[in-house]
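Q: One structure coming up, written as structure tokens, with questions to follow.
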Amino acid sequence: MLKPFSYTVKIAVAVVTITSTIPSAPAYAGAVTGQATEWTQLLNNSELVGLVGQSAEQIQNQVQQNTQLAEQIQNQIRIYENMLQNTLQLPSHIWGQVESDLTRLQGLVNQGQGIAFSMGNIDDVLKQRFQSFAEFKTGLANGESFSSSYQDWSDTNRDTIASTLRAAGFTAEQFGSEEETMSQLRSMSQSAVGQMQALQVGHQIAAQQVAQSQKLRGLVSQQMTMMATWYQSEQAAKDLAQTRREEFFRSTAPSSSGGQMMEPRW
């Protein structure tokens, strides 16, 4: 895995910590607000670069873990569907496992939204701190920024889930929080039809999250590569300037030998 930055900063897990404590993604803002502003104010520029590099790497690992977990939940829900087809109704202890898996799936959705929000904030913060970063070509299509790309991802993910719920006769609000989700699942557990409906919706959302998590991981990877290229170009320019300064101060004045020595003449 690419390691774009070499700084060792004790607070390098700050972004990951912030991400993991976001229960759900807030309304996306292009500028940095709230917690993001608070933690960046505590850092000087070199600390910020180290923080961003190491945290982005950890976030990429987290996205990969989320993808794998979504795949596991998808496969498990398929097993539940097969079980339900062979029985009149899933017993309560099995349905409890279904509720647990679907709640975990809801948590993955919320965490993905939080990661997109945090990574978009990283892009905004670096643009504010470093003019060279703001002017750096990211390689994204149509002149887009990573900040706007994460917002597009977040909107698409949210809209896709909402359309899946609507197709099954539900609203996003019914699955908007863990408490509401659990209440809805308990209601659906009372009949085989309700159980199958919940499983089908869960299976579709799990499949969507596998695909969306892969796209999110691709965005994070692309952003890390771009940041590494930008940092290396910045470091190369600083190293060159430092070398020139050292050469200047090491240089000696031209020899004055061969000229006439000046002496007082009385």
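Residue names in the structure tokens use chain letters A, B, ... in the order shown, residue numbers from 1 in each chain, and ligand numbers from 1 in the order shown.
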What's the 12 Å shell around range 79-88 of chain A, counting only C-alpha atoms, without same-chain residues fewer than 6 positions away, as a PyMOL selection string?

A: chain A and resi 72-73+94-99+101-102+189-203

Q: Compile the contact shell of Ala206 in chain A as a list in words: residues with an atom at most 10 Å away, counting only C-alpha atoms, same-chain residues fewer than 5 positions apart removed.

A: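 Result of the neighbour search: Thr67, Leu69, Ala70, Glu71, Gln72, Ile73, Gln74, Asn75, Ile77, Leu102, Leu105, Gln106, Leu108, Val109, Ile161, Gln200, Val201, Ala211 and Gln212 of chain A.
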
Q: Pull N, CA, C and O atoms from the residues just selected and write them as a PDB file, in the first residue's frame.

A:
```pdb
ATOM      1  N   THR A  67     -16.129  -3.081   3.273  1.00  0.00           N
ATOM      2  CA  THR A  67     -16.529  -3.815   2.065  1.00  0.00           C
ATOM      3  C   THR A  67     -16.634  -5.299   2.351  1.00  0.00           C
ATOM      4  O   THR A  67     -17.607  -5.964   1.964  1.00  0.00           O
ATOM      5  N   LEU A  69     -17.079  -6.728   5.260  1.00  0.00           N
ATOM      6  CA  LEU A  69     -18.179  -6.989   6.186  1.00  0.00           C
ATOM      7  C   LEU A  69     -19.518  -6.945   5.465  1.00  0.00           C
ATOM      8  O   LEU A  69     -20.407  -7.768   5.736  1.00  0.00           O
ATOM      9  N   ALA A  70     -19.684  -6.005   4.534  1.00  0.00           N
ATOM     10  CA  ALA A  70     -20.920  -5.943   3.754  1.00  0.00           C
ATOM     11  C   ALA A  70     -21.107  -7.212   2.935  1.00  0.00           C
ATOM     12  O   ALA A  70     -22.229  -7.720   2.793  1.00  0.00           O
ATOM     13  N   GLU A  71     -20.017  -7.752   2.397  1.00  0.00           N
ATOM     14  CA  GLU A  71     -20.101  -9.008   1.641  1.00  0.00           C
ATOM     15  C   GLU A  71     -20.523 -10.164   2.557  1.00  0.00           C
ATOM     16  O   GLU A  71     -21.337 -11.006   2.162  1.00  0.00           O
ATOM     17  N   GLN A  72     -19.977 -10.193   3.773  1.00  0.00           N
ATOM     18  CA  GLN A  72     -20.347 -11.238   4.722  1.00  0.00           C
ATOM     19  C   GLN A  72     -21.827 -11.150   5.081  1.00  0.00           C
ATOM     20  O   GLN A  72     -22.522 -12.182   5.155  1.00  0.00           O
ATOM     21  N   ILE A  73     -22.307  -9.933   5.314  1.00  0.00           N
ATOM     22  CA  ILE A  73     -23.721  -9.754   5.656  1.00  0.00           C
ATOM     23  C   ILE A  73     -24.607 -10.159   4.482  1.00  0.00           C
ATOM     24  O   ILE A  73     -25.648 -10.803   4.660  1.00  0.00           O
ATOM     25  N   GLN A  74     -24.193  -9.792   3.277  1.00  0.00           N
ATOM     26  CA  GLN A  74     -24.952 -10.168   2.080  1.00  0.00           C
ATOM     27  C   GLN A  74     -25.073 -11.689   1.978  1.00  0.00           C
ATOM     28  O   GLN A  74     -26.159 -12.223   1.720  1.00  0.00           O
ATOM     29  N   ASN A  75     -23.975 -12.387   2.181  1.00  0.00           N
ATOM     30  CA  ASN A  75     -23.990 -13.848   2.111  1.00  0.00           C
ATOM     31  C   ASN A  75     -24.841 -14.452   3.226  1.00  0.00           C
ATOM     32  O   ASN A  75     -25.558 -15.443   3.012  1.00  0.00           O
ATOM     33  N   ILE A  77     -27.409 -13.047   4.746  1.00  0.00           N
ATOM     34  CA  ILE A  77     -28.829 -12.806   4.462  1.00  0.00           C
ATOM     35  C   ILE A  77     -29.339 -13.795   3.423  1.00  0.00           C
ATOM     36  O   ILE A  77     -30.485 -14.268   3.502  1.00  0.00           O
ATOM     37  N   LEU A 102     -28.749  -6.836  10.149  1.00  0.00           N
ATOM     38  CA  LEU A 102     -29.292  -5.671   9.466  1.00  0.00           C
ATOM     39  C   LEU A 102     -28.921  -4.387  10.194  1.00  0.00           C
ATOM     40  O   LEU A 102     -28.705  -3.340   9.566  1.00  0.00           O
ATOM     41  N   LEU A 105     -25.471  -3.654   9.188  1.00  0.00           N
ATOM     42  CA  LEU A 105     -25.483  -3.107   7.836  1.00  0.00           C
ATOM     43  C   LEU A 105     -25.821  -1.627   7.864  1.00  0.00           C
ATOM     44  O   LEU A 105     -25.205  -0.822   7.154  1.00  0.00           O
ATOM     45  N   GLN A 106     -26.791  -1.265   8.696  1.00  0.00           N
ATOM     46  CA  GLN A 106     -27.133   0.147   8.840  1.00  0.00           C
ATOM     47  C   GLN A 106     -25.931   0.949   9.345  1.00  0.00           C
ATOM     48  O   GLN A 106     -25.670   2.067   8.894  1.00  0.00           O
ATOM     49  N   LEU A 108     -22.790   0.261   8.798  1.00  0.00           N
ATOM     50  CA  LEU A 108     -21.845   0.402   7.692  1.00  0.00           C
ATOM     51  C   LEU A 108     -22.242   1.546   6.768  1.00  0.00           C
ATOM     52  O   LEU A 108     -21.382   2.284   6.283  1.00  0.00           O
ATOM     53  N   VAL A 109     -23.541   1.660   6.525  1.00  0.00           N
ATOM     54  CA  VAL A 109     -24.023   2.755   5.683  1.00  0.00           C
ATOM     55  C   VAL A 109     -23.659   4.087   6.314  1.00  0.00           C
ATOM     56  O   VAL A 109     -23.113   4.988   5.660  1.00  0.00           O
ATOM     57  N   ILE A 161     -30.256   3.852  -1.681  1.00  0.00           N
ATOM     58  CA  ILE A 161     -30.906   3.163  -0.559  1.00  0.00           C
ATOM     59  C   ILE A 161     -32.357   3.606  -0.428  1.00  0.00           C
ATOM     60  O   ILE A 161     -33.258   2.783  -0.212  1.00  0.00           O
ATOM     61  N   GLN A 200     -35.194  -9.424   1.808  1.00  0.00           N
ATOM     62  CA  GLN A 200     -34.948  -8.994   0.436  1.00  0.00           C
ATOM     63  C   GLN A 200     -34.418  -7.576   0.383  1.00  0.00           C
ATOM     64  O   GLN A 200     -33.480  -7.270  -0.376  1.00  0.00           O
ATOM     65  N   VAL A 201     -35.010  -6.697   1.191  1.00  0.00           N
ATOM     66  CA  VAL A 201     -34.519  -5.319   1.237  1.00  0.00           C
ATOM     67  C   VAL A 201     -33.088  -5.287   1.770  1.00  0.00           C
ATOM     68  O   VAL A 201     -32.214  -4.604   1.221  1.00  0.00           O
ATOM     69  N   ALA A 211     -20.817  -2.600  -3.571  1.00  0.00           N
ATOM     70  CA  ALA A 211     -20.419  -1.835  -4.760  1.00  0.00           C
ATOM     71  C   ALA A 211     -20.009  -0.416  -4.392  1.00  0.00           C
ATOM     72  O   ALA A 211     -18.984   0.094  -4.878  1.00  0.00           O
ATOM     73  N   GLN A 212     -20.788   0.230  -3.518  1.00  0.00           N
ATOM     74  CA  GLN A 212     -20.487   1.610  -3.153  1.00  0.00           C
ATOM     75  C   GLN A 212     -19.200   1.703  -2.329  1.00  0.00           C
ATOM     76  O   GLN A 212     -18.439   2.663  -2.471  1.00  0.00           O
TER      77      GLN A 212
END
```

Q: Would you mind listing what lies within 10 Å of Ala134 in chain A as a VMD selection string, with only C-alpha atoms counted and same-chain residues fewer than 4 positions away left out?

A: chain A and resid 123 to 130 138 145

Q: Could you jot down the CA of Tyr231 in chain A to CA of Gly114 in chain A separation for me, Å, one decimal place?

A: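 One can read the CA of Tyr231 in chain A to CA of Gly114 in chain A distance as 25.4 Å.
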
Q: Compare A:Gln64, A:Ala56, A:Thr160, A:Thr103 by their minimum atom-to-atom distance to Met182 in chain A, counting only C-alpha atoms, and give me the closest one.

A: A:Thr103

Q: Just list the residues in range 144-214 of chain A DSSP gives helix (DSSP H, G or I) on the backbone, as a VMD selection string.

A: chain A and resid 146 to 167 172 to 175 178 to 188 192 to 214

Q: List as a PyMOL selection string the protein and nucleic acid residues near Asn157 in chain A, meaning an atom at most 12 Å away when only C-alpha atoms are counted, but skip any in the same chain fewer than 4 places from it.

A: chain A and resi 25+108-110+112-113+116+150-153+161-164+205-216

Q: How many Å lie between CA of Gly107 in chain A and CA of Arg158 in chain A, rounded to one decimal?

A: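 Distance between the two atoms: 13.4 Å.
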
Q: Please report the interatomic distance between CA of Ser149 in chain A and CA of Thr181 in chain A in Å with one decimal.

A: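 Distance reported for this atom pair: 29.3 Å.
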
Q: Counting only C-alpha atoms, which of A:Val220, A:Ala168, A:Ile122, A:Leu90 gets nearest to Asn61 in chain A?

A: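 Using only C-alpha atoms, the shortest distance to Asn61 in chain A belongs to A:Val220.
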